[in-house]
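Contents: one structure, followed by commentary.
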Amino acid sequence: MNRRKAIGGIFALTGIGFASFTGFKLFFEKASRGQLQNYENLLAELVDVIIPPTDSPGAKEANVHAYIIRFMEACSSNKDYTNFYNGLHDLQETCLSDYDAHFTDCSAQQKIALLEDLDGNVDTNSLLAKIDNKLRGRSFFTILKSLTIEGYCTSQLGATQLLAYQPIPATYNPITTLEPQQKAWATS
Amino acid sequence: MNNTAIHTFDAIVVGSGISGGWAAKELTEGGLKTLVLERGRNVEHIKDYTTAHKHPWDFEHGTNLTIEELAERPIQSSHCDATDKHFYVKDSEHPYVQEKPFKWIRGYQVGGRSLTWGRQSYRFSEMDFEANKADGHGVDWPIRYADLKDWYDYVEEYVGISGTTEALPHLPDGKFLPAIPMNAIEKHLKESVSQHYKDRIIINGRVANLTEKKAGRGPCMYRNLCSRGCPFGGYFSSNSTTLLDAHNSGNLTLRENSVVKEVIYDDETKKAVGVKIIDAITKEELTYYAKIIFLNASAIATASILLNSVSTSFPNGLGNSSLQVGHNLMDHVVNEGTYGTFNGLLDKYYEGRSPGTIYIPRFQNLDGNTENPDFIRGYGIQGKGKRENWESKTTSGIGAALKAQLETPGKWKVSLGGRGEVLPNYDNKISLDLQNRDQWGLPLVKVHFEYGANDLAMMEHMTKASEDILLKAGFENVGSYRNSPPPGSAVHEMGTARMGNDPKTSVLNKYNQMHDVKNVFITDGSCMTSSGCQNPSLTYMALTARACSYAIEQFKNNLL
């Protein structure tokens with residue numbers, strides 16, 4: 001039997017074509033670690049679009065970009081690291097082609113539009129998305145947003161200013177009536 | 001004094017976890033010069049709780065473990081995070097062989113797993129002690145509830161367990177501190193269950209957290225950071241209680257970094273004379289002698305020490321004429337959990353973080369009305385209700401709109417998880433791998449454990465029952481994680497040197513004394529003849545106190 005045909009047969013059976021197989025491989029080109037420090041400024045801009053300064057500090061002031069770099073370098077899976085790294089590049093390319101500018105030089109509106117567009121493409125809840133996450137790792141924006149939330153809500157500024165942080169409650173009042181504008185507890 | 005004299009004590013206790021701590025306290029307070037051997041490092045109460053006062057932002061990667069830390073902890077990592085990992089072993093340093101998937105979760109340090117335990121404390125009932133006899137599984141317990149009742153009272157008063165009295169025959173009441181109260185959603189669920197079901201109720205979980213101050217410790221500060229070690233002594237651990245009292249008696253010698261290799265047996269006197277240890281750091285081999293030996297190394301480790309203690313009289317391991325040592329390993333069968341959200345009570349919140357739970361006591365196979373066609377015995381369900389927050393909320397969008405979602409408390413969410421009784425089964429066992437050894441030259445432990453049909457039927461039932469309970473209470477998005485965690489996940493391993501009346505089919509008698517070797521006592525999880533569905537630590541503590549009382553009396557009358 002012709003070897004090429006045999007392999008083709010396998011892929012035909014599993015419903016994966018050669019074209020996507022190639023794409024798949026390219027997608028998995030592994031990024032080597034230790035590179036994200038070079039993107040610190042870009043990440044600082046990105047997290048500040050996701051969690052901007054309002055009546056509480058923004059993610060940039062809370063140093064969330066540094067948290068993300070630490071996490072991605074030390075804790076992330078290879079798939080997530082690669083997706084994140086490639087995602088940063090894709091975003092910059094989109095910026096250049098759409099706005100002829102680097103992300104950091106884009107207007108606030110352009111920055112928001114870029115990230116909202118990425119957010120709109122993320123579908124985290126469908127079964128397909130879950131299988132996809134398992135197979136290929138989480139998408140760039142999913143990682144960026146979840147780490148921004150995690151980094152911000154566990155930062156001193158986020159935990160104490162956006163949220164309510166009680167290091168030592170001392171007592172437990174199991175049923176309180178929620179005050180208007182009462183903030184959520186920072187820890188559970 | 002010569003070396004032997006320096007190395008001679010009245011009693012040796014192997015292990016300093018929840019049962020070893022009790023043995024240390026009781027024996028030293030009974031006047032016995034006692035050596036406690038702990039294989040891990042020392043952990044001094046308060047001083048060595050290095051993460052206890054850290055804020056979320058003090059951790060470099062939040063609660064996440066790094067890739068390197070994960071690689072060192074392929075097993076333990078499901079049970080620990082960056083805030084308490086130092087109280088769990090590195091699997092890479094302490095390998096074992098899983099003949100079938102089995103999580104052996106360990107904390108090798110002074111205090112053992114009493115530092116990180118779930119603190120749920122429930123008595124076994126008469127029904128539990130009669131279960132094996134009633135349906136013919138395993139062997140009969142050599143004791144009944146009446147034998148242990150006063151000892152439960154004794155340890156509960158010392159430990160400090162918060163809870164409510166409920167007058168349930170299958171879950172006896174104890175000496176309780178005021179319960180940790182329920183929040184709005186937990187109360188709602190309790191009321192719904194009492195409306196919709198005749199067979200089940202919800203009670204306040206019984207936990208070893210101090211709702212009132214006890215001498216020298218507590219009360220609980222409601223931080224819900226127990227597994228880091230409590231700088232307020234808000235919950236019970238060996239470090240915060242039993243070991244301190246043992247130390248204060250003046251009769252305690254504690255030797256950390258002491259890996260017990262074997263118990264030495266004298267074929268002539270037919271007694272154990274001491275234990276051989278290997279210093280974990282220097283690898284030096286040393287021998288200690290005593291008239292009484294308590295093994296409290298935890299079920300798997302204690303059985304492995306017995307199996308490794310080979311003599312002319314006991315070629316199959318110390319006190320193993322029954323060939324039951326290492327067999328009948330049990331854990332509780334757990335499901336991954338059921339959850340649901342509730343769209344209501346949105347004006348209610350709470351202040352302080354409860355370390356407590358709610359509990360649905362066993363409601364199957366209690367009597368003729370609750371007989372289940374698919375399984376025997378039963379399970380309890382533990383749960384907790386909270387409002388969703390930034391960790392659990394699904395958010396949409398970015399910017400100020402996202403911040404507004406993070407800033408406000410989310411919907412109420414309740415999580416429920418079952419804990420079911422596993423039947424004793426000779427085929428579920430630990431044994432020694434003589435071909436593969438650890439860094440101290442000791443054979444690796446092999447674990448062979450599989451759930452039986454009864455256990456699996458129970459798992460299925462607890463998931464459906466949990467979903468039904470939430471649906472009837474008006475919860476939405478009710479679902480369950482369908483992949484059940486591997487055995488061992490409940491961290492309730494027990495049964496490997498069971499108690500029984502007949503020396504031919506059991507290892508220990510009714511005083512936790514080896515049938516074959518009268519001066520060796522085993523009061524950790526090994527001794528359990530059946531598993532009940534209750535979290536077992538309280539029973540280990542009561543059995544330990546009872547066995548110590550007997551051993552001290554025997555010692556003083558020169559009978560050991």
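Just remember, in the structure tokens the first chain shown is A, the second B, etc., residues are 1-based per chain, and ligands are 1-based in the order shown.
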Per residue of chain B within 7 Å of chain A, record the nearest atom pair and its distance in Å to one decimal, counting only C-alpha atoms, with rows in chain order and ascending residue number, as JSON lines.
{"residue": "B:Pro56", "atom": "CA", "partner": "A:Thr154", "partner_atom": "CA", "distance": 5.2}
{"residue": "B:Trp57", "atom": "CA", "partner": "A:Ser155", "partner_atom": "CA", "distance": 4.9}
{"residue": "B:His61", "atom": "CA", "partner": "A:Phe71", "partner_atom": "CA", "distance": 5.6}
{"residue": "B:Leu65", "atom": "CA", "partner": "A:Cys75", "partner_atom": "CA", "distance": 6.5}
{"residue": "B:Thr66", "atom": "CA", "partner": "A:Cys75", "partner_atom": "CA", "distance": 4.2}
{"residue": "B:Ile67", "atom": "CA", "partner": "A:Cys75", "partner_atom": "CA", "distance": 5.0}
{"residue": "B:Pro181", "atom": "CA", "partner": "A:Pro174", "partner_atom": "CA", "distance": 6.4}
{"residue": "B:Met182", "atom": "CA", "partner": "A:Pro174", "partner_atom": "CA", "distance": 6.1}
{"residue": "B:Asn183", "atom": "CA", "partner": "A:Pro174", "partner_atom": "CA", "distance": 4.5}
{"residue": "B:Ala184", "atom": "CA", "partner": "A:Ile175", "partner_atom": "CA", "distance": 5.8}
{"residue": "B:Met221", "atom": "CA", "partner": "A:Ala170", "partner_atom": "CA", "distance": 3.9}
{"residue": "B:Tyr222", "atom": "CA", "partner": "A:Ala170", "partner_atom": "CA", "distance": 5.8}
{"residue": "B:Arg223", "atom": "CA", "partner": "A:Ile168", "partner_atom": "CA", "distance": 5.9}
{"residue": "B:Asp347", "atom": "CA", "partner": "A:Leu178", "partner_atom": "CA", "distance": 5.1}
{"residue": "B:Lys348", "atom": "CA", "partner": "A:Thr177", "partner_atom": "CA", "distance": 4.7}
{"residue": "B:Tyr349", "atom": "CA", "partner": "A:Thr176", "partner_atom": "CA", "distance": 5.0}
{"residue": "B:Tyr350", "atom": "CA", "partner": "A:Pro174", "partner_atom": "CA", "distance": 4.8}
{"residue": "B:Glu351", "atom": "CA", "partner": "A:Asn173", "partner_atom": "CA", "distance": 5.0}
{"residue": "B:Gly352", "atom": "CA", "partner": "A:Tyr172", "partner_atom": "CA", "distance": 4.5}
{"residue": "B:Arg353", "atom": "CA", "partner": "A:Ser188", "partner_atom": "CA", "distance": 6.2}
{"residue": "B:Ser354", "atom": "CA", "partner": "A:Tyr172", "partner_atom": "CA", "distance": 6.8}
{"residue": "B:Asn389", "atom": "CA", "partner": "A:Ala184", "partner_atom": "CA", "distance": 6.8}
{"residue": "B:Gly397", "atom": "CA", "partner": "A:Asp119", "partner_atom": "CA", "distance": 6.9}
{"residue": "B:Ile398", "atom": "CA", "partner": "A:Ile50", "partner_atom": "CA", "distance": 4.8}
{"residue": "B:Gly399", "atom": "CA", "partner": "A:Ile50", "partner_atom": "CA", "distance": 4.9}
{"residue": "B:Ala400", "atom": "CA", "partner": "A:Pro52", "partner_atom": "CA", "distance": 6.7}
{"residue": "B:Lys403", "atom": "CA", "partner": "A:Ile51", "partner_atom": "CA", "distance": 6.5}
{"residue": "B:Glu407", "atom": "CA", "partner": "A:Lys183", "partner_atom": "CA", "distance": 5.5}
{"residue": "B:Thr408", "atom": "CA", "partner": "A:Ala184", "partner_atom": "CA", "distance": 4.9}
{"residue": "B:Pro409", "atom": "CA", "partner": "A:Ala184", "partner_atom": "CA", "distance": 4.6}
Show me, as a list of chain:residue names, the residues that have an atom within 9 Å of A:Asn86 when counting only C-alpha atoms, minus same-chain residues fewer than 3 positions from it. A:Phe27, A:Ala31, A:Tyr81, A:Thr82, A:Asn83, A:His89, A:Asp90, A:Leu91, A:Phe140
Can you pull out the residues contacting B:Tyr197? Cut-off 12 Å, using only C-alpha atoms, and skip same-chain residues under 2 positions away; I want them as a list in words. Leu189, Lys190, Glu191, Ser192, Val193, Ser194, Gln195, Asp199, Arg200, Ile201, Ile202, Ile360, Phe363, Thr370, Ala465, Asp468, Ile469, Lys472 and Ala473 of chain B
Grab the atom CA of B:Leu508 to atom CA of B:Ser121 distance for me, in Å with one decimal place. 24.0 Å
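Taking only C-alpha atoms, the non-local environment of B:Arg106 within 8 Å (same-chain residues fewer than 5 positions away omitted) comprises Gln76, Tyr88, Val89, Gly112 and Arg113 of chain B.
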Polymer residues at most 8 Å from stretch 545-560 of chain B, only C-alpha atoms, same-chain spacing of 4 or more positions, as a list in words: Trp22, Ala23, Glu26, Leu27, Gly30, Leu32, Leu148, Trp151, Val155, Lys291, Ile292, Tyr511, Asn512, Gln513, Lys518, Asn519, Phe521, Thr523 and Met541 of chain B
With C-alpha atoms retained, export the selected residues as a PDB file, in the first residue's frame.
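Result file is part39.pdb:
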ATOM      1  CA  TRP B  22      -2.436  11.936  71.261  1.00  0.00           C
ATOM      2  CA  ALA B  23      -0.275   8.948  72.133  1.00  0.00           C
ATOM      3  CA  GLU B  26      -1.425  10.469  77.058  1.00  0.00           C
ATOM      4  CA  LEU B  27       1.721   8.417  77.635  1.00  0.00           C
ATOM      5  CA  GLY B  30       0.686   9.042  82.409  1.00  0.00           C
ATOM      6  CA  LEU B  32       6.038   7.373  80.881  1.00  0.00           C
ATOM      7  CA  LEU B 148     -15.664   4.363  72.978  1.00  0.00           C
ATOM      8  CA  TRP B 151     -13.302   8.446  75.124  1.00  0.00           C
ATOM      9  CA  VAL B 155     -11.059  13.905  73.283  1.00  0.00           C
ATOM     10  CA  LYS B 291       8.888  -1.426  76.737  1.00  0.00           C
ATOM     11  CA  ILE B 292       5.925  -0.093  74.798  1.00  0.00           C
ATOM     12  CA  TYR B 511      -7.236  -2.424  72.938  1.00  0.00           C
ATOM     13  CA  ASN B 512      -5.375  -1.826  69.666  1.00  0.00           C
ATOM     14  CA  GLN B 513      -2.709  -4.212  70.948  1.00  0.00           C
ATOM     15  CA  LYS B 518       1.574  -7.582  73.267  1.00  0.00           C
ATOM     16  CA  ASN B 519       3.741  -4.511  73.716  1.00  0.00           C
ATOM     17  CA  PHE B 521      -0.057  -0.851  69.879  1.00  0.00           C
ATOM     18  CA  THR B 523      -3.910   3.446  66.863  1.00  0.00           C
ATOM     19  CA  MET B 541      -7.995  10.089  68.620  1.00  0.00           C
TER      20      MET B 541
END
For the atom pair atom CA of B:Gln364 and atom CA of B:Leu416, what is the interatomic distance in Å to one decimal place? 17.0 Å
